[in-house]
Structures are given as C-alpha cells and as structure tokens.
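Novice: Next up, start33.cif (mmCIF, N, CA and C atoms and all ligand atoms).
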```cif
data_target
loop_
_atom_site.group_PDB
_atom_site.id
_atom_site.type_symbol
_atom_site.label_atom_id
_atom_site.label_comp_id
_atom_site.auth_asym_id
_atom_site.auth_seq_id
_atom_site.Cartn_x
_atom_site.Cartn_y
_atom_site.Cartn_z
ATOM 1 N N MET A 138 121.626 87.563 107.300
ATOM 2 C CA MET A 138 122.405 87.419 106.073
ATOM 3 C C MET A 138 123.546 88.435 106.081
ATOM 4 N N SER A 139 124.704 87.979 105.759
ATOM 5 C CA SER A 139 125.838 88.887 105.720
ATOM 6 C C SER A 139 126.503 88.832 104.354
ATOM 7 N N VAL A 140 127.003 89.954 103.964
ATOM 8 C CA VAL A 140 127.701 90.030 102.688
ATOM 9 C C VAL A 140 129.131 89.559 102.897
ATOM 10 N N SER A 141 129.537 88.601 102.124
ATOM 11 C CA SER A 141 130.905 88.124 102.266
ATOM 12 C C SER A 141 131.743 88.590 101.088
ATOM 13 N N GLY A 142 132.971 88.880 101.361
ATOM 14 C CA GLY A 142 133.848 89.318 100.285
ATOM 15 C C GLY A 142 134.312 90.741 100.490
ATOM 16 N N LEU A 143 135.062 91.186 99.532
ATOM 17 C CA LEU A 143 135.631 92.521 99.621
ATOM 18 C C LEU A 143 134.777 93.537 98.869
ATOM 19 N N CYS A 144 134.950 94.773 99.264
ATOM 20 C CA CYS A 144 134.282 95.874 98.577
ATOM 21 C C CYS A 144 134.675 95.868 97.096
ATOM 22 N N GLN A 145 133.678 95.984 96.234
ATOM 23 C CA GLN A 145 133.943 95.949 94.792
ATOM 24 C C GLN A 145 134.531 97.256 94.291
ATOM 25 N N VAL A 146 134.535 98.266 95.139
ATOM 26 C CA VAL A 146 135.074 99.558 94.726
ATOM 27 C C VAL A 146 136.558 99.649 95.061
ATOM 28 N N CYS A 147 136.889 99.452 96.318
ATOM 29 C CA CYS A 147 138.286 99.621 96.723
ATOM 30 C C CYS A 147 139.020 98.281 96.815
ATOM 31 N N GLU A 148 138.263 97.208 96.924
ATOM 32 C CA GLU A 148 138.832 95.861 96.985
ATOM 33 C C GLU A 148 139.879 95.707 98.094
ATOM 34 N N SER A 149 139.697 96.458 99.149
ATOM 35 C CA SER A 149 140.633 96.331 100.258
ATOM 36 C C SER A 149 139.913 96.221 101.595
ATOM 37 N N ALA A 150 138.679 96.707 101.634
ATOM 38 C CA ALA A 150 137.912 96.625 102.868
ATOM 39 C C ALA A 150 136.812 95.585 102.714
ATOM 40 N N GLU A 151 136.394 95.035 103.833
ATOM 41 C CA GLU A 151 135.344 94.026 103.781
ATOM 42 C C GLU A 151 134.003 94.683 103.473
ATOM 43 N N ALA A 152 133.298 94.115 102.520
ATOM 44 C CA ALA A 152 132.014 94.682 102.133
ATOM 45 C C ALA A 152 130.974 94.406 103.205
ATOM 46 N N SER A 153 130.215 95.420 103.524
ATOM 47 C CA SER A 153 129.172 95.258 104.538
ATOM 48 C C SER A 153 127.804 95.708 104.029
ATOM 49 N N HIS A 154 127.755 96.144 102.779
ATOM 50 C CA HIS A 154 126.493 96.587 102.193
ATOM 51 C C HIS A 154 126.403 96.076 100.758
ATOM 52 N N THR A 155 125.188 96.063 100.252
ATOM 53 C CA THR A 155 124.991 95.742 98.840
ATOM 54 C C THR A 155 124.199 96.867 98.192
ATOM 55 N N CYS A 156 124.693 97.325 97.069
ATOM 56 C CA CYS A 156 124.025 98.412 96.367
ATOM 57 C C CYS A 156 122.678 97.934 95.819
ATOM 58 N N ASP A 157 121.644 98.707 96.055
ATOM 59 C CA ASP A 157 120.312 98.343 95.579
ATOM 60 C C ASP A 157 120.210 98.433 94.068
ATOM 61 N N GLN A 158 121.067 99.214 93.462
ATOM 62 C CA GLN A 158 120.943 99.453 92.026
ATOM 63 C C GLN A 158 121.812 98.519 91.200
ATOM 64 N N CYS A 159 123.100 98.485 91.483
ATOM 65 C CA CYS A 159 123.987 97.676 90.650
ATOM 66 C C CYS A 159 124.296 96.331 91.300
ATOM 67 N N GLY A 160 123.936 96.191 92.577
ATOM 68 C CA GLY A 160 124.107 94.909 93.235
ATOM 69 C C GLY A 160 125.516 94.615 93.697
ATOM 70 N N ARG A 161 126.385 95.581 93.594
ATOM 71 C CA ARG A 161 127.751 95.352 94.025
ATOM 72 C C ARG A 161 127.838 95.362 95.546
ATOM 73 N N ALA A 162 128.769 94.563 96.043
ATOM 74 C CA ALA A 162 129.052 94.585 97.471
ATOM 75 C C ALA A 162 130.066 95.677 97.738
ATOM 76 N N VAL A 163 129.731 96.539 98.675
ATOM 77 C CA VAL A 163 130.616 97.662 98.959
ATOM 78 C C VAL A 163 130.820 97.800 100.463
ATOM 79 N N CYS A 164 131.952 98.387 100.817
ATOM 80 C CA CYS A 164 132.244 98.618 102.224
ATOM 81 C C CYS A 164 131.482 99.847 102.713
ATOM 82 N N ASP A 165 131.585 100.075 103.993
ATOM 83 C CA ASP A 165 130.846 101.181 104.584
ATOM 84 C C ASP A 165 131.250 102.518 103.987
ATOM 85 N N GLN A 166 132.507 102.597 103.606
ATOM 86 C CA GLN A 166 133.039 103.862 103.098
ATOM 87 C C GLN A 166 132.539 104.180 101.690
ATOM 88 N N HIS A 167 132.193 103.134 100.965
ATOM 89 C CA HIS A 167 131.734 103.340 99.600
ATOM 90 C C HIS A 167 130.238 103.085 99.463
ATOM 91 N N HIS A 168 129.530 103.177 100.573
ATOM 92 C CA HIS A 168 128.087 102.998 100.562
ATOM 93 C C HIS A 168 127.433 104.276 101.058
ATOM 94 N N ASP A 169 126.388 104.709 100.358
ATOM 95 C CA ASP A 169 125.654 105.892 100.773
ATOM 96 C C ASP A 169 124.392 105.449 101.500
ATOM 97 N N ASP A 170 124.394 105.635 102.809
ATOM 98 C CA ASP A 170 123.262 105.176 103.611
ATOM 99 C C ASP A 170 121.966 105.882 103.234
ATOM 100 N N ALA A 171 122.081 107.130 102.811
ATOM 101 C CA ALA A 171 120.882 107.905 102.491
ATOM 102 C C ALA A 171 120.148 107.326 101.288
ATOM 103 N N PHE A 172 120.900 106.767 100.352
ATOM 104 C CA PHE A 172 120.293 106.241 99.134
ATOM 105 C C PHE A 172 120.210 104.718 99.151
ATOM 106 N N GLY A 173 121.051 104.085 99.954
ATOM 107 C CA GLY A 173 121.113 102.642 99.915
ATOM 108 C C GLY A 173 121.848 102.157 98.681
ATOM 109 N N LEU A 174 122.706 103.013 98.157
ATOM 110 C CA LEU A 174 123.431 102.711 96.927
ATOM 111 C C LEU A 174 124.920 102.875 97.143
ATOM 112 N N CYS A 175 125.694 102.293 96.241
ATOM 113 C CA CYS A 175 127.118 102.563 96.276
ATOM 114 C C CYS A 175 127.347 104.004 95.833
ATOM 115 N N LEU A 176 128.533 104.509 96.066
ATOM 116 C CA LEU A 176 128.782 105.920 95.768
ATOM 117 C C LEU A 176 128.661 106.213 94.276
ATOM 118 N N ASP A 177 129.017 105.249 93.453
ATOM 119 C CA ASP A 177 128.889 105.452 92.014
ATOM 120 C C ASP A 177 127.429 105.677 91.625
ATOM 121 N N CYS A 178 126.562 104.846 92.168
ATOM 122 C CA CYS A 178 125.149 104.955 91.819
ATOM 123 C C CYS A 178 124.504 106.166 92.472
ATOM 124 N N SER A 179 124.894 106.472 93.684
ATOM 125 C CA SER A 179 124.301 107.629 94.356
ATOM 126 C C SER A 179 124.702 108.912 93.650
ATOM 127 N N ALA A 180 125.883 108.926 93.060
ATOM 128 C CA ALA A 180 126.312 110.102 92.303
ATOM 129 C C ALA A 180 125.449 110.266 91.064
ATOM 130 N N GLU A 181 125.122 109.147 90.435
ATOM 131 C CA GLU A 181 124.268 109.210 89.261
ATOM 132 C C GLU A 181 122.842 109.574 89.634
ATOM 133 N N ALA A 182 122.430 109.139 90.812
ATOM 134 C CA ALA A 182 121.048 109.373 91.239
ATOM 135 C C ALA A 182 120.830 110.784 91.743
ATOM 136 N N GLY A 183 121.818 111.609 91.722
ATOM 137 C CA GLY A 183 121.639 112.974 92.180
ATOM 138 C C GLY A 183 122.765 113.419 93.084
ATOM 139 N N GLY A 184 123.302 112.459 93.817
ATOM 140 C CA GLY A 184 124.428 112.781 94.674
ATOM 141 C C GLY A 184 124.051 113.640 95.859
ATOM 142 N N SER A 185 125.044 114.015 96.619
ATOM 143 C CA SER A 185 124.817 114.873 97.763
ATOM 144 C C SER A 185 125.640 116.145 97.617
ATOM 145 N N GLY A 186 124.964 117.260 97.668
ATOM 146 C CA GLY A 186 125.662 118.525 97.558
ATOM 147 C C GLY A 186 125.922 118.947 96.126
ATOM 148 N N GLY A 187 125.439 118.195 95.184
ATOM 149 C CA GLY A 187 125.648 118.538 93.789
ATOM 150 C C GLY A 187 124.548 119.455 93.279
ATOM 151 N N ALA A 188 124.508 119.629 91.984
ATOM 152 C CA ALA A 188 123.487 120.468 91.381
ATOM 153 C C ALA A 188 122.154 119.734 91.394
ATOM 154 N N GLU A 189 121.161 120.402 91.932
ATOM 155 C CA GLU A 189 119.851 119.776 92.002
ATOM 156 C C GLU A 189 119.123 119.936 90.675
ATOM 157 N N THR A 190 118.532 118.868 90.228
ATOM 158 C CA THR A 190 117.725 118.943 89.023
ATOM 159 C C THR A 190 116.287 118.620 89.381
ATOM 160 N N GLY A 191 115.390 119.488 88.967
ATOM 161 C CA GLY A 191 113.991 119.204 89.238
ATOM 162 C C GLY A 191 113.504 119.899 90.487
ATOM 163 N N GLU A 192 113.022 119.112 91.420
ATOM 164 C CA GLU A 192 112.355 119.678 92.575
ATOM 165 C C GLU A 192 113.307 120.388 93.532
ATOM 166 N N ASP A 193 112.798 121.411 94.116
ATOM 167 C CA ASP A 193 113.538 122.110 95.159
ATOM 168 C C ASP A 193 113.243 121.432 96.489
ATOM 169 N N PRO A 194 114.255 120.923 97.155
ATOM 170 C CA PRO A 194 114.032 120.186 98.403
ATOM 171 C C PRO A 194 113.491 121.066 99.525
ATOM 172 N N GLY A 195 113.565 122.375 99.349
ATOM 173 C CA GLY A 195 113.113 123.273 100.395
ATOM 174 C C GLY A 195 111.607 123.501 100.389
ATOM 175 N N ARG A 196 110.937 123.047 99.326
ATOM 176 C CA ARG A 196 109.499 123.296 99.230
ATOM 177 C C ARG A 196 108.730 122.014 99.437
ATOM 178 N N SER A 197 108.720 121.544 100.656
ATOM 179 C CA SER A 197 108.065 120.276 100.936
ATOM 180 C C SER A 197 106.807 120.468 101.775
ATOM 181 N N ASP A 198 106.536 121.704 102.187
ATOM 182 C CA ASP A 198 105.392 121.914 103.082
ATOM 183 C C ASP A 198 104.236 122.585 102.350
ATOM 184 N N ALA A 199 103.958 122.113 101.146
ATOM 185 C CA ALA A 199 102.826 122.637 100.395
ATOM 186 C C ALA A 199 101.610 121.761 100.658
ATOM 187 N N GLY A 200 100.869 122.090 101.668
ATOM 188 C CA GLY A 200 99.724 121.245 101.996
ATOM 189 C C GLY A 200 98.537 122.060 102.455
ATOM 190 N N ASP A 201 98.775 123.133 103.168
ATOM 191 C CA ASP A 201 97.705 123.920 103.726
ATOM 192 C C ASP A 201 97.104 124.888 102.717
ATOM 193 N N ASP A 202 97.936 125.385 101.853
ATOM 194 C CA ASP A 202 97.473 126.446 100.965
ATOM 195 C C ASP A 202 97.595 126.028 99.510
ATOM 196 N N VAL A 203 96.858 124.977 99.183
ATOM 197 C CA VAL A 203 96.912 124.488 97.815
ATOM 198 C C VAL A 203 95.661 124.928 97.077
ATOM 199 N N ARG A 204 95.859 125.603 95.995
ATOM 200 C CA ARG A 204 94.708 125.986 95.162
ATOM 201 C C ARG A 204 95.073 125.893 93.700
ATOM 202 N N PHE A 205 94.082 125.637 92.906
ATOM 203 C CA PHE A 205 94.339 125.454 91.502
ATOM 204 C C PHE A 205 93.873 126.653 90.686
HETATM 205 ZN ZN ZN B 301 135.315 100.246 99.601
HETATM 206 ZN ZN ZN B 302 125.774 100.757 92.739
#
```
Now that the file is in, can you turn its structure into structure tokens?
Ligand SMILES: [Zn+2]
Ligand SMILES: [Zn+2]
Specialist:
Amino acid sequence: MSVSGLCQVCESAEASHTCDQCGRAVCDQHHDDAFGLCLDCSAEAGGSGGAETGEDPGRSDAGDDVRF
C-alpha cells in the first residue's frame, strides 16, 4: 500500500507516510520516524529535545534493586 498525494504539511513534496494520530499524509521531512507521527503531533506528544514532563528517560534500568 502506498500513500498517494502530497504532504499535507508543506503540500509540495510527495507524501510517503501517514500520521498515526491525525491521519494526515506527510512527506519524509514532516514525519517523525521515532513516533510514527507527523511533526505537529510529535511536538504535542513530547517532541524531541524539548522539556521532558514526567519520567526521566535516563532511569530505565530499575530492575535488580527494587524494594518497597
Ligand atoms: Zn512535507
Ligand atoms: Zn499528525
């Protein structure tokens, strides 16, 4: 299956992805592979390099020393 049409963001490049959230067809430049979302949605979902809210991504190895 291929996405036909132009990117809904820039409307100048051929869309090659579809945003999982808003369903828009976007080109490679306006698609965030890490999230599977268009850049608009990925920015809302937390973005990359922005202010982190909630969990600290650096603390993912809490498994050996868990106590309550
Ligand atoms: Zn685009
Ligand atoms: Zn989107």
Novice: Apply the PyMOL selection byres (((chain A and resi 164) around 5) and not hetatm) to the structure shown and report the selected residues as a VMD selection string.
Specialist: chain A and resid 144 151 to 153 162 to 163 165 to 168
Novice: On this file, the PyMOL selection byres (((chain A and resi 173) around 7) and not hetatm) gives some set of residues; write that set as a ChimeraX atom specification.
Specialist: /A:155-158,168-172,174-175
Novice: Check the smallest atom-to-atom distance from each of A:Arg204, A:Arg161, A:Gly183, A:Asp177 to A:Leu143 using only C-alpha atoms, then report the winner.
Specialist: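 Ranking A:Arg204, A:Arg161, A:Gly183, A:Asp177 by distance to A:Leu143, first place goes to A:Arg161.
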Novice: As lines of an AutoDock Vina configuration file, please report the centre and edge lengths, rounded to one decimal in Å, of the axis-aligned box that holds all listed atoms of stretch 152-161 of chain A with 4 Å of padding on each of the six sides.
Specialist:
```
center_x = 126.8
center_y = 96.8
center_z = 97.6
size_x = 21.1
size_y = 13.3
size_z = 21.9
```
Novice: Using all atoms listed in the file, which of the listed residues (A:Asp201, A:Val146, A:Glu181, A:Gly160) sits closest to ligand ZN 302 (chain B)?
Specialist: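 That would be A:Gly160, the residue with the smallest distance to ligand ZN 302 (chain B).
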Novice: Could you check how far atom N of A:Glu148 sits from atom CA of A:Leu176, in Å to one decimal?
Specialist: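 Spanning atom N of A:Glu148 to atom CA of A:Leu176 is a straight-line distance of 12.9 Å.
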Novice: Could you tell me which of A:Gly142, A:Cys159, A:Ala150, A:Cys178 comes closest to ligand ZN 301 (chain B) if we count all atoms listed in the file?
Specialist: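 So, comparing all the options, the nearest one is A:Ala150.
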Novice: To one decimal place, how far is atom N of A:Ser149 from atom N of A:Ala182 in Å?
Specialist: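 Distance between the two atoms: 23.0 Å.
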Novice: So what do you get for atom N of A:His154 versus atom ZN of ligand ZN 302 (chain B), distance-wise?
Specialist: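 Calculated distance between atom N of A:His154 and atom ZN of ligand ZN 302 (chain B) is 11.2 Å.
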Novice: Per DSSP on the backbone, filter stretch 144-177 of chain A down to the residues in strand (DSSP E or B) and report them as number ranges by chain.
Specialist: A: 151, 154-155, 162-163, 168-169, 174-175
